[in-house]
$ cat query.txt   # compact mmCIF, C-alpha atoms
# COMPACT_ATOMS: atom_id res chain seq x y z
CA MET A 15 125.18 95.34 119.31
CA SER A 16 128.80 94.19 119.12
CA SER A 17 129.18 90.47 119.78
CA ASN A 18 132.36 90.98 121.80
CA PRO A 19 132.25 92.74 125.17
CA SER A 20 134.15 95.94 125.63
CA PRO A 21 137.56 95.81 127.34
CA GLY A 22 137.42 95.36 131.08
CA VAL A 23 135.00 92.44 131.34
CA THR A 24 134.58 91.68 135.02
CA THR A 25 131.52 89.45 135.48
CA ALA A 26 130.57 86.29 133.59
CA PHE A 27 127.39 84.24 134.13
CA LEU A 28 127.82 80.52 133.51
CA PHE A 29 124.83 78.27 132.81
CA PRO A 30 125.24 74.54 133.62
CA GLY A 31 124.36 71.57 131.47
CA GLN A 32 123.92 67.91 132.42
CA GLY A 33 123.76 67.42 136.17
CA GLY A 34 123.07 71.12 136.76
CA PHE A 35 119.97 70.76 138.93
CA ASP A 36 119.52 70.80 142.71
CA GLY A 37 115.85 70.27 143.58
CA GLU A 38 116.21 71.16 147.25
CA ALA A 39 118.03 74.42 146.49
CA LEU A 40 115.43 75.39 143.88
CA ARG A 41 112.56 74.75 146.31
CA ARG A 42 114.24 76.80 149.04
CA ALA A 43 114.94 79.70 146.69
CA LYS A 44 111.37 79.64 145.37
CA GLU A 45 110.06 80.47 148.85
CA ARG A 46 111.90 83.80 148.82
CA HIS A 47 112.35 84.74 145.18
CA PRO A 48 109.19 85.21 143.08
CA GLN A 49 111.24 85.13 139.89
CA ILE A 50 111.38 81.33 140.14
CA GLY A 51 107.62 80.92 140.17
CA ARG A 52 107.22 83.35 137.28
CA VAL A 53 109.83 81.62 135.13
CA PHE A 54 108.38 78.16 135.71
CA GLU A 55 104.85 79.36 135.02
CA ARG A 56 106.06 80.29 131.54
CA LEU A 57 107.70 76.89 131.14
CA ASP A 58 104.47 75.19 132.23
CA THR A 59 102.54 76.63 129.29
CA VAL A 60 104.86 74.75 126.92
CA THR A 61 105.31 71.50 128.86
CA GLU A 62 101.54 71.18 129.23
CA GLU A 63 101.25 71.63 125.46
CA LEU A 64 104.02 69.13 124.67
CA TYR A 65 103.73 66.57 127.46
CA GLY A 66 100.32 67.18 129.00
CA SER A 67 102.11 67.88 132.28
CA SER A 68 103.26 70.94 134.21
CA VAL A 69 106.97 70.88 134.98
CA SER A 70 106.17 72.85 138.14
CA GLU A 71 104.01 69.98 139.40
CA VAL A 72 106.89 67.60 138.81
CA LEU A 73 109.44 69.80 140.59
CA PHE A 74 107.42 71.51 143.30
CA GLY A 75 104.67 68.98 144.01
CA GLU A 76 104.32 66.76 147.08
CA ARG A 77 106.93 64.34 145.78
CA LYS A 78 110.32 66.00 146.15
CA ALA A 79 112.05 65.34 142.84
CA ASP A 80 115.82 65.16 142.70
CA LEU A 81 117.85 64.82 139.51
CA ARG A 82 118.20 61.03 139.73
CA ASP A 83 114.44 60.70 140.15
CA LEU A 84 113.83 62.90 137.11
CA LEU A 85 116.26 60.91 134.97
CA ASP A 86 114.58 57.64 135.95
CA ASN A 87 110.98 58.78 135.55
CA ASP A 88 110.76 62.01 133.54
CA PRO A 89 113.84 62.46 131.30
CA TRP A 90 112.26 65.44 129.52
CA ALA A 91 111.67 67.11 132.89
CA SER A 92 115.35 66.74 133.83
CA GLN A 93 116.35 68.81 130.80
CA VAL A 94 113.63 71.43 131.27
CA ALA A 95 114.50 71.65 134.98
CA ILE A 96 118.16 72.40 134.21
CA TYR A 97 117.13 75.02 131.67
CA GLY A 98 114.51 76.58 133.96
CA ALA A 99 116.80 76.70 137.00
CA GLY A 100 119.42 78.53 134.96
CA LEU A 101 116.92 81.11 133.72
CA ALA A 102 115.47 81.56 137.20
CA ALA A 103 118.91 82.16 138.71
CA HIS A 104 119.61 84.68 135.95
CA GLU A 105 116.35 86.51 136.73
CA ILE A 106 117.11 86.61 140.46
CA LEU A 107 120.62 87.94 139.93
CA THR A 108 119.65 90.63 137.45
CA ALA A 109 116.71 91.69 139.67
CA GLN A 110 119.33 92.33 142.37
CA GLY A 111 121.22 94.62 140.00
CA VAL A 112 123.91 92.19 138.86
CA ALA A 113 124.81 93.06 135.26
CA PRO A 114 126.92 90.34 133.59
CA ASP A 115 129.37 91.43 130.92
CA VAL A 116 129.21 88.08 129.15
CA LEU A 117 127.14 84.88 129.29
CA ALA A 118 128.40 81.36 128.61
CA GLY A 119 126.86 77.93 128.89
CA HIS A 120 128.11 74.37 129.35
CA SER A 121 126.44 72.12 126.73
CA LEU A 122 122.66 72.43 127.36
CA GLY A 123 123.47 75.61 129.27
CA GLU A 124 124.40 77.30 126.01
CA ILE A 125 120.71 77.26 125.05
CA THR A 126 119.93 78.89 128.40
CA ALA A 127 122.60 81.54 127.80
CA LEU A 128 121.19 82.42 124.38
CA VAL A 129 117.66 82.72 125.78
CA ALA A 130 118.91 84.86 128.68
CA ALA A 131 120.56 87.12 126.08
CA GLY A 132 117.28 87.48 124.20
CA ALA A 133 117.99 85.30 121.13
CA PHE A 134 114.80 83.30 121.71
CA SER A 135 111.77 83.69 123.96
CA VAL A 136 111.65 81.74 127.22
CA GLU A 137 108.91 79.57 125.73
CA ASP A 138 110.80 78.86 122.53
CA GLY A 139 113.79 77.92 124.66
CA VAL A 140 111.69 75.15 126.21
CA ARG A 141 110.66 74.02 122.73
CA ILE A 142 114.31 73.87 121.67
CA VAL A 143 115.24 71.83 124.75
CA ALA A 144 112.26 69.51 124.21
CA ARG A 145 113.02 68.98 120.51
CA ARG A 146 116.64 68.26 121.40
CA VAL A 147 115.43 65.43 123.64
CA ALA A 148 112.91 64.17 121.06
CA VAL A 149 115.28 63.91 118.09
CA ILE A 150 117.91 62.16 120.19
CA GLU A 151 115.37 59.67 121.57
CA ARG A 152 114.42 58.72 118.02
CA GLN A 153 117.98 57.92 116.98
CA SER A 154 119.00 54.28 116.92
CA GLY A 155 122.31 53.48 118.52
CA VAL A 156 122.15 56.17 121.20
CA ASP A 157 121.85 53.75 124.11
CA GLY A 158 124.88 55.35 125.61
CA ARG A 159 126.38 57.04 128.61
CA MET A 160 128.77 59.75 129.61
CA VAL A 161 131.69 59.15 131.98
CA ALA A 162 134.06 61.68 133.52
CA LEU A 163 137.66 60.49 133.60
CA ALA A 164 140.25 61.94 135.96
CA ALA A 165 142.65 62.67 133.11
CA SER A 166 143.61 65.43 130.71
CA ALA A 167 142.00 65.60 127.27
CA GLU A 168 145.28 64.49 125.66
CA ARG A 169 145.63 61.43 127.88
CA THR A 170 141.94 60.60 127.42
CA ARG A 171 142.25 60.65 123.63
CA LYS A 172 145.19 58.25 123.86
CA LEU A 173 143.08 55.96 126.01
CA LEU A 174 140.24 56.07 123.47
CA GLU A 175 142.70 55.12 120.72
CA LEU A 176 143.22 51.83 122.53
CA VAL A 177 139.51 51.05 122.16
CA ASP A 178 139.28 52.22 118.54
CA GLU A 179 135.51 52.80 118.44
CA PRO A 180 134.33 55.53 115.98
CA LEU A 181 131.28 56.42 118.09
CA LEU A 182 133.40 57.11 121.18
CA ALA A 183 134.32 60.75 121.66
CA VAL A 184 135.72 63.29 124.05
CA ALA A 185 132.54 65.18 124.94
CA THR A 186 133.78 67.86 127.33
CA GLU A 187 137.15 69.14 128.48
CA ASN A 188 136.36 70.47 131.95
CA HIS A 189 139.85 71.06 133.33
CA ASP A 190 143.32 69.57 133.12
CA GLU A 191 142.34 66.66 135.35
CA GLN A 192 138.81 65.92 134.12
CA THR A 193 137.58 64.95 130.66
CA VAL A 194 134.15 63.54 129.86
CA VAL A 195 133.76 60.72 127.36
CA SER A 196 130.54 59.98 125.48
CA GLY A 197 129.53 56.87 123.58
CA PRO A 198 127.76 53.48 123.50
CA ALA A 199 127.19 51.98 126.95
CA ALA A 200 128.93 48.65 126.29
CA ILE A 201 131.98 50.35 124.80
CA LEU A 202 132.22 52.73 127.74
CA ASP A 203 132.38 49.72 130.05
CA ARG A 204 135.63 48.81 128.29
CA VAL A 205 136.88 52.39 128.63
CA VAL A 206 136.17 52.39 132.37
CA ALA A 207 137.91 49.02 132.75
CA ILE A 208 141.03 50.25 130.94
CA ALA A 209 140.98 53.47 132.96
CA GLY A 210 140.85 51.43 136.17
CA GLN A 211 143.96 49.46 135.16
CA LEU A 212 145.72 52.78 134.55
CA ASP A 213 144.59 54.15 137.94
CA VAL A 214 142.42 56.75 136.22
CA GLY A 215 139.24 57.49 138.16
CA ALA A 216 135.87 57.31 136.39
CA ILE A 217 132.51 58.80 137.46
CA GLU A 218 129.14 58.41 135.73
CA ILE A 219 127.50 61.64 134.56
CA ASP A 220 123.81 62.15 135.40
CA THR A 221 122.37 62.38 131.90
CA PRO A 222 119.57 60.63 129.99
CA PHE A 223 121.61 60.32 126.77
CA PRO A 224 125.16 60.55 125.47
CA PHE A 225 125.79 64.05 124.11
CA HIS A 226 128.57 65.44 121.89
CA THR A 227 129.17 62.20 120.03
CA PRO A 228 129.29 61.25 116.32
CA ALA A 229 126.35 58.92 117.02
CA LEU A 230 124.07 61.97 117.06
CA ALA A 231 125.03 63.29 113.62
CA PRO A 232 121.84 61.92 111.96
CA ALA A 233 119.68 63.90 114.44
CA ALA A 234 121.27 67.28 113.69
CA PRO A 235 119.47 68.19 110.42
CA GLU A 236 115.98 67.58 111.84
CA PHE A 237 116.82 69.64 114.93
CA ALA A 238 118.24 72.51 112.86
CA ALA A 239 115.15 72.54 110.61
CA TYR A 240 112.89 72.85 113.66
CA VAL A 241 114.88 75.63 115.36
CA ARG A 242 115.06 77.56 112.09
CA LYS A 243 111.27 77.98 112.19
CA LEU A 244 111.44 79.80 115.53
CA ASP A 245 111.82 83.56 115.89
CA GLN A 246 115.53 84.37 116.26
CA ARG A 247 116.20 87.83 117.70
CA PRO A 248 119.37 89.93 118.14
CA LEU A 249 121.40 89.30 121.28
CA ASN A 250 121.20 91.99 123.94
CA ARG A 251 124.35 90.76 125.67
CA PRO A 252 127.52 88.97 124.47
CA VAL A 253 127.42 85.16 124.58
CA TYR A 254 130.65 83.18 124.42
CA SER A 255 130.46 79.57 123.22
CA PRO A 256 132.77 76.94 124.77
CA ILE A 257 131.80 74.72 121.82
CA LEU A 258 132.53 77.22 119.04
CA GLN A 259 135.36 78.85 121.00
CA ARG A 260 134.13 82.30 119.98
CA TYR A 261 131.38 84.83 120.61
CA TYR A 262 128.12 84.46 118.75
CA GLU A 263 127.94 86.99 115.93
CA PRO A 264 124.89 88.98 114.69
CA GLY A 265 124.72 87.09 111.39
CA ASP A 266 124.97 83.60 112.90
CA ASP A 267 122.42 80.95 111.97
CA LEU A 268 121.71 79.77 115.50
CA ALA A 269 119.72 76.77 114.28
CA GLU A 270 122.74 75.42 112.42
CA LEU A 271 125.18 76.17 115.23
CA LEU A 272 122.99 74.61 117.93
CA ALA A 273 122.68 71.49 115.77
CA GLU A 274 126.48 71.30 115.62
CA HIS A 275 126.44 70.95 119.41
CA PHE A 276 125.23 67.37 118.95
CA THR A 277 128.63 66.21 117.74
CA ARG A 278 131.17 68.88 118.73
CA PRO A 279 132.93 68.82 122.14
CA VAL A 280 132.57 71.38 124.92
CA ARG A 281 135.98 72.93 125.60
CA PHE A 282 134.98 74.50 128.89
CA ALA A 283 138.47 74.94 130.35
CA ALA A 284 139.65 76.79 127.24
CA ALA A 285 136.58 79.04 127.39
CA VAL A 286 137.20 79.93 131.03
CA ARG A 287 140.85 80.73 130.28
CA HIS A 288 139.83 82.95 127.36
CA LEU A 289 137.31 84.86 129.47
CA ARG A 290 139.86 85.22 132.26
CA GLU A 291 142.51 86.51 129.85
CA THR A 292 140.06 89.10 128.51
CA GLY A 293 139.27 90.43 131.96
CA ALA A 294 136.66 88.25 133.68
CA GLU A 295 137.29 88.32 137.42
CA VAL A 296 133.94 87.11 138.79
CA PHE A 297 132.25 83.94 137.51
CA VAL A 298 128.71 83.36 138.75
CA GLU A 299 127.11 79.99 138.14
CA ALA A 300 123.49 80.72 137.23
CA GLY A 301 121.83 77.40 137.87
CA GLY A 302 121.66 74.29 140.01
CA ARG A 303 124.40 72.55 141.97
CA ALA A 304 127.86 74.07 142.11
CA ALA A 305 129.68 72.05 139.46
CA LEU A 306 130.76 74.89 137.16
CA SER A 307 131.92 77.14 139.98
CA LYS A 308 134.16 74.28 141.16
CA LEU A 309 135.48 73.76 137.64
CA VAL A 310 136.31 77.47 137.32
CA ALA A 311 138.23 77.30 140.60
CA LYS A 312 140.23 74.37 139.21
CA VAL A 313 140.95 76.07 135.89
CA THR A 314 141.91 79.43 137.42
CA ASP A 315 143.75 78.09 140.46
CA GLY A 316 146.27 80.64 141.66
CA SER A 317 144.66 83.68 140.05
CA ALA A 318 142.53 86.39 141.65
CA VAL A 319 139.18 85.04 140.45
CA ARG A 320 135.94 84.67 142.38
CA SER A 321 133.80 81.66 141.48
CA LEU A 322 130.30 81.77 142.98
CA PRO A 323 127.43 79.21 142.95
CA THR A 324 123.73 80.05 143.31
CA LEU A 325 121.09 77.29 143.35
CA ALA A 326 123.05 74.82 145.44
CA VAL A 327 122.90 73.85 149.10
CA THR A 328 126.34 74.06 150.70
CA GLY A 329 126.91 73.51 154.40
CA GLY A 330 123.15 73.44 154.94
CA ARG A 331 122.77 76.94 153.48
CA LEU A 332 121.47 78.12 150.12
CA ALA A 333 124.57 79.24 148.21
CA LEU A 334 122.59 82.03 146.54
CA ASP A 335 122.46 83.95 149.84
CA GLY A 336 126.22 84.03 150.23
CA THR A 337 126.74 84.84 146.57
CA LEU A 338 124.41 87.83 146.69
CA ASP A 339 126.20 89.04 149.85
CA ALA A 340 129.56 88.72 148.12
CA LEU A 341 128.33 90.53 145.00
CA ARG A 342 126.94 93.38 147.10
CA GLU A 343 130.21 93.72 148.99
CA ALA A 344 132.02 93.93 145.65
CA GLY A 345 129.62 96.63 144.44
CA LEU A 346 128.22 94.32 141.75
CA ALA A 347 124.68 93.98 143.14
$ encode --input "query.txt" --output "structure tokens"
Amino acid sequence: MSSNPSPGVTTAFLFPGQGGFDGEALRRAKERHPQIGRVFERLDTVTEELYGSSVSEVLFGERKADLRDLLDNDPWASQVAIYGAGLAAHEILTAQGVAPDVLAGHSLGEITALVAAGAFSVEDGVRIVARRVAVIERQSGVDGRMVALAASAERTRKLLELVDEPLLAVATENHDEQTVVSGPAAILDRVVAIAGQLDVGAIEIDTPFPFHTPALAPAAPEFAAYVRKLDQRPLNRPVYSPILQRYYEPGDDLAELLAEHFTRPVRFAAAVRHLRETGAEVFVEAGGRAALSKLVAKVTDGSAVRSLPTLAVTGGRLALDGTLDALREAGLA
């Protein structure tokens, strides 16, 4: 199929990355949507093989696991949970008749988007996520963090020039007033201190490792070699990459491109603007929390765009319910 969608794109599914998990929302949705149980049963077959543990037991057992708990006790489960929640939301939406014109992911979410578009099996997607964690854990010098600064990408780069640390990097450009920095923990303390003196707000990102940093360059070849052994299939739906700033093409070596994610930044705001300019009017966040839907609202402020969350609890209600209602009213579900 053509990698680019036909003119008149209206609906885009967005898959979240770090921080994109809401345990309470996922548990509530699981009670009413069998797609969640079915997706996580498939994930269990791989996590039991790799970790000797069912991710479903971690997420849906007696102990209610939230993202902070997963990061502290089961870092691998935090990444699989984000991936699984995104796939589950995708399955629920498509089962209700929602047909996205394009898929896009934020960092880790790009793996979810490719799996949702058929590039890899659900099980191989777990293996990719797990190997991503494993190769990063084995790298020396990745005792780092990620911090969101309340500043534009341009201002953030100027701030980083003051520190002059080669392993510091702009990791994601979320919108004109938020840029995420990735790098060694001690160096980021200096960045946060300088930001404070400049009245620039700083918020820690919930993540087990720093991503999108030059420090991860040594891990990329091993990761690419592993992914290359997996069965890569043609996409059944267009996938736009905020990292590559283009659609994936039929001849792409996905192993090589996914390995590039280790060091290249996520230009999310630019991706949203591109999709909007090419016709996207409805952005549905397929996954946990409501971070991406809020970012889209920031990026597209003032335009006639609908930005809808799914697996998040807002005002005591599961956001998925309201989103499905809105999609039905618009004739999209």
$ atom_distance --input "query.txt" --atom1 "CA of His120 (chain A)" --atom2 "CA of Ser255 (chain A)"
8.4 Å
$ closest_residue --input "query.txt" --among "A:Ala347, A:Thr337, A:Glu187, A:Thr292" --to "Ala304 (chain A)" --atoms "only C-alpha atoms"
A:Thr337
$ closest_residue --input "query.txt" --among "A:Ile219, A:Ala300, A:Ala239, A:Val140" --to "Ala95 (chain A)" --atoms "all atoms listed in the file"
A:Val140
$ closest_residue --input "query.txt" --among "A:Ala269, A:Val280, A:Ala91, A:Ala130" --to "Ala103 (chain A)" --atoms "only C-alpha atoms"
A:Ala130
$ closest_residue --input "query.txt" --among "A:Arg281, A:Arg152, A:His189, A:His288" --to "Ala305 (chain A)" --atoms "all atoms listed in the file"
A:His189
$ closest_residue --input "query.txt" --among "A:Leu128, A:Pro323, A:Lys44, A:Glu291" --to "Tyr262 (chain A)" --atoms "all atoms listed in the file"
A:Leu128
$ atom_distance --input "query.txt" --atom1 "CA of Thr24 (chain A)" --atom2 "CA of Val298 (chain A)"
10.8 Å
$ residues_around --input "query.txt" --residues "Leu122 (chain A)" --least-positions-apart "2" --cutoff "7 Å" --atoms "only C-alpha atoms" --output "list in words"
Gly31, Gln32, His120, Glu124 and Ile125 of chain A
$ closest_residue --input "query.txt" --among "A:Arg146, A:Arg331, A:Lys78, A:His47" --to "Glu105 (chain A)" --atoms "all atoms listed in the file"
A:His47
$ atom_distance --input "query.txt" --atom1 "CA of Gln192 (chain A)" --atom2 "CA of Asp83 (chain A)"
25.6 Å
$ residues_around --input "query.txt" --residues "Arg42 (chain A)" --least-positions-apart "3" --cutoff "10 Å" --atoms "all atoms listed in the file" --output "PDB file with C-alpha atoms, in the frame of the given file"
ATOM      1  CA  GLY A  37     115.850  70.270 143.580  1.00  0.00           C
ATOM      2  CA  GLU A  38     116.210  71.160 147.250  1.00  0.00           C
ATOM      3  CA  ALA A  39     118.030  74.420 146.490  1.00  0.00           C
ATOM      4  CA  GLU A  45     110.060  80.470 148.850  1.00  0.00           C
ATOM      5  CA  ARG A  46     111.900  83.800 148.820  1.00  0.00           C
ATOM      6  CA  HIS A  47     112.350  84.740 145.180  1.00  0.00           C
ATOM      7  CA  LEU A 325     121.090  77.290 143.350  1.00  0.00           C
ATOM      8  CA  ALA A 326     123.050  74.820 145.440  1.00  0.00           C
ATOM      9  CA  VAL A 327     122.900  73.850 149.100  1.00  0.00           C
ATOM     10  CA  ARG A 331     122.770  76.940 153.480  1.00  0.00           C
ATOM     11  CA  LEU A 332     121.470  78.120 150.120  1.00  0.00           C
TER      12      LEU A 332
END
$ axis_aligned_box --input "query.txt" --around "region 77-92 of chain A" --padding-each-side "5 Å" --output "lines of an AutoDock Vina configuration file"
center_x = 112.6
center_y = 62.4
center_z = 137.8
size_x = 21.3
size_y = 19.5
size_z = 26.6
$ residues_around --input "query.txt" --residues "Leu81 (chain A)" --least-positions-apart "3" --cutoff "12 Å" --atoms "all atoms listed in the file" --output "PyMOL selection string"
chain A and resi 32-40+72-73+78+84-96+219-222+302-303
$ residues_around --input "query.txt" --residues "Phe282 (chain A)" --least-positions-apart "3" --cutoff "7 Å" --atoms "all atoms listed in the file" --output "ChimeraX atom specification"
/A:120,186-188,256,285-286
$ residues_around --input "query.txt" --residues "Ala148 (chain A)" --least-positions-apart "5" --cutoff "10 Å" --atoms "only C-alpha atoms" --output "ChimeraX atom specification"
/A:90,142-143,153,233,237
$ residues_near_point --input "query.txt" --point "(120.6, 93.7, 121.3)" --cutoff "9 Å" --atoms "only C-alpha atoms" --output "list in words"
Met15, Ser16, Ala131, Gly132, Ala133, Arg247, Pro248, Leu249, Asn250, Arg251 and Pro252 of chain A
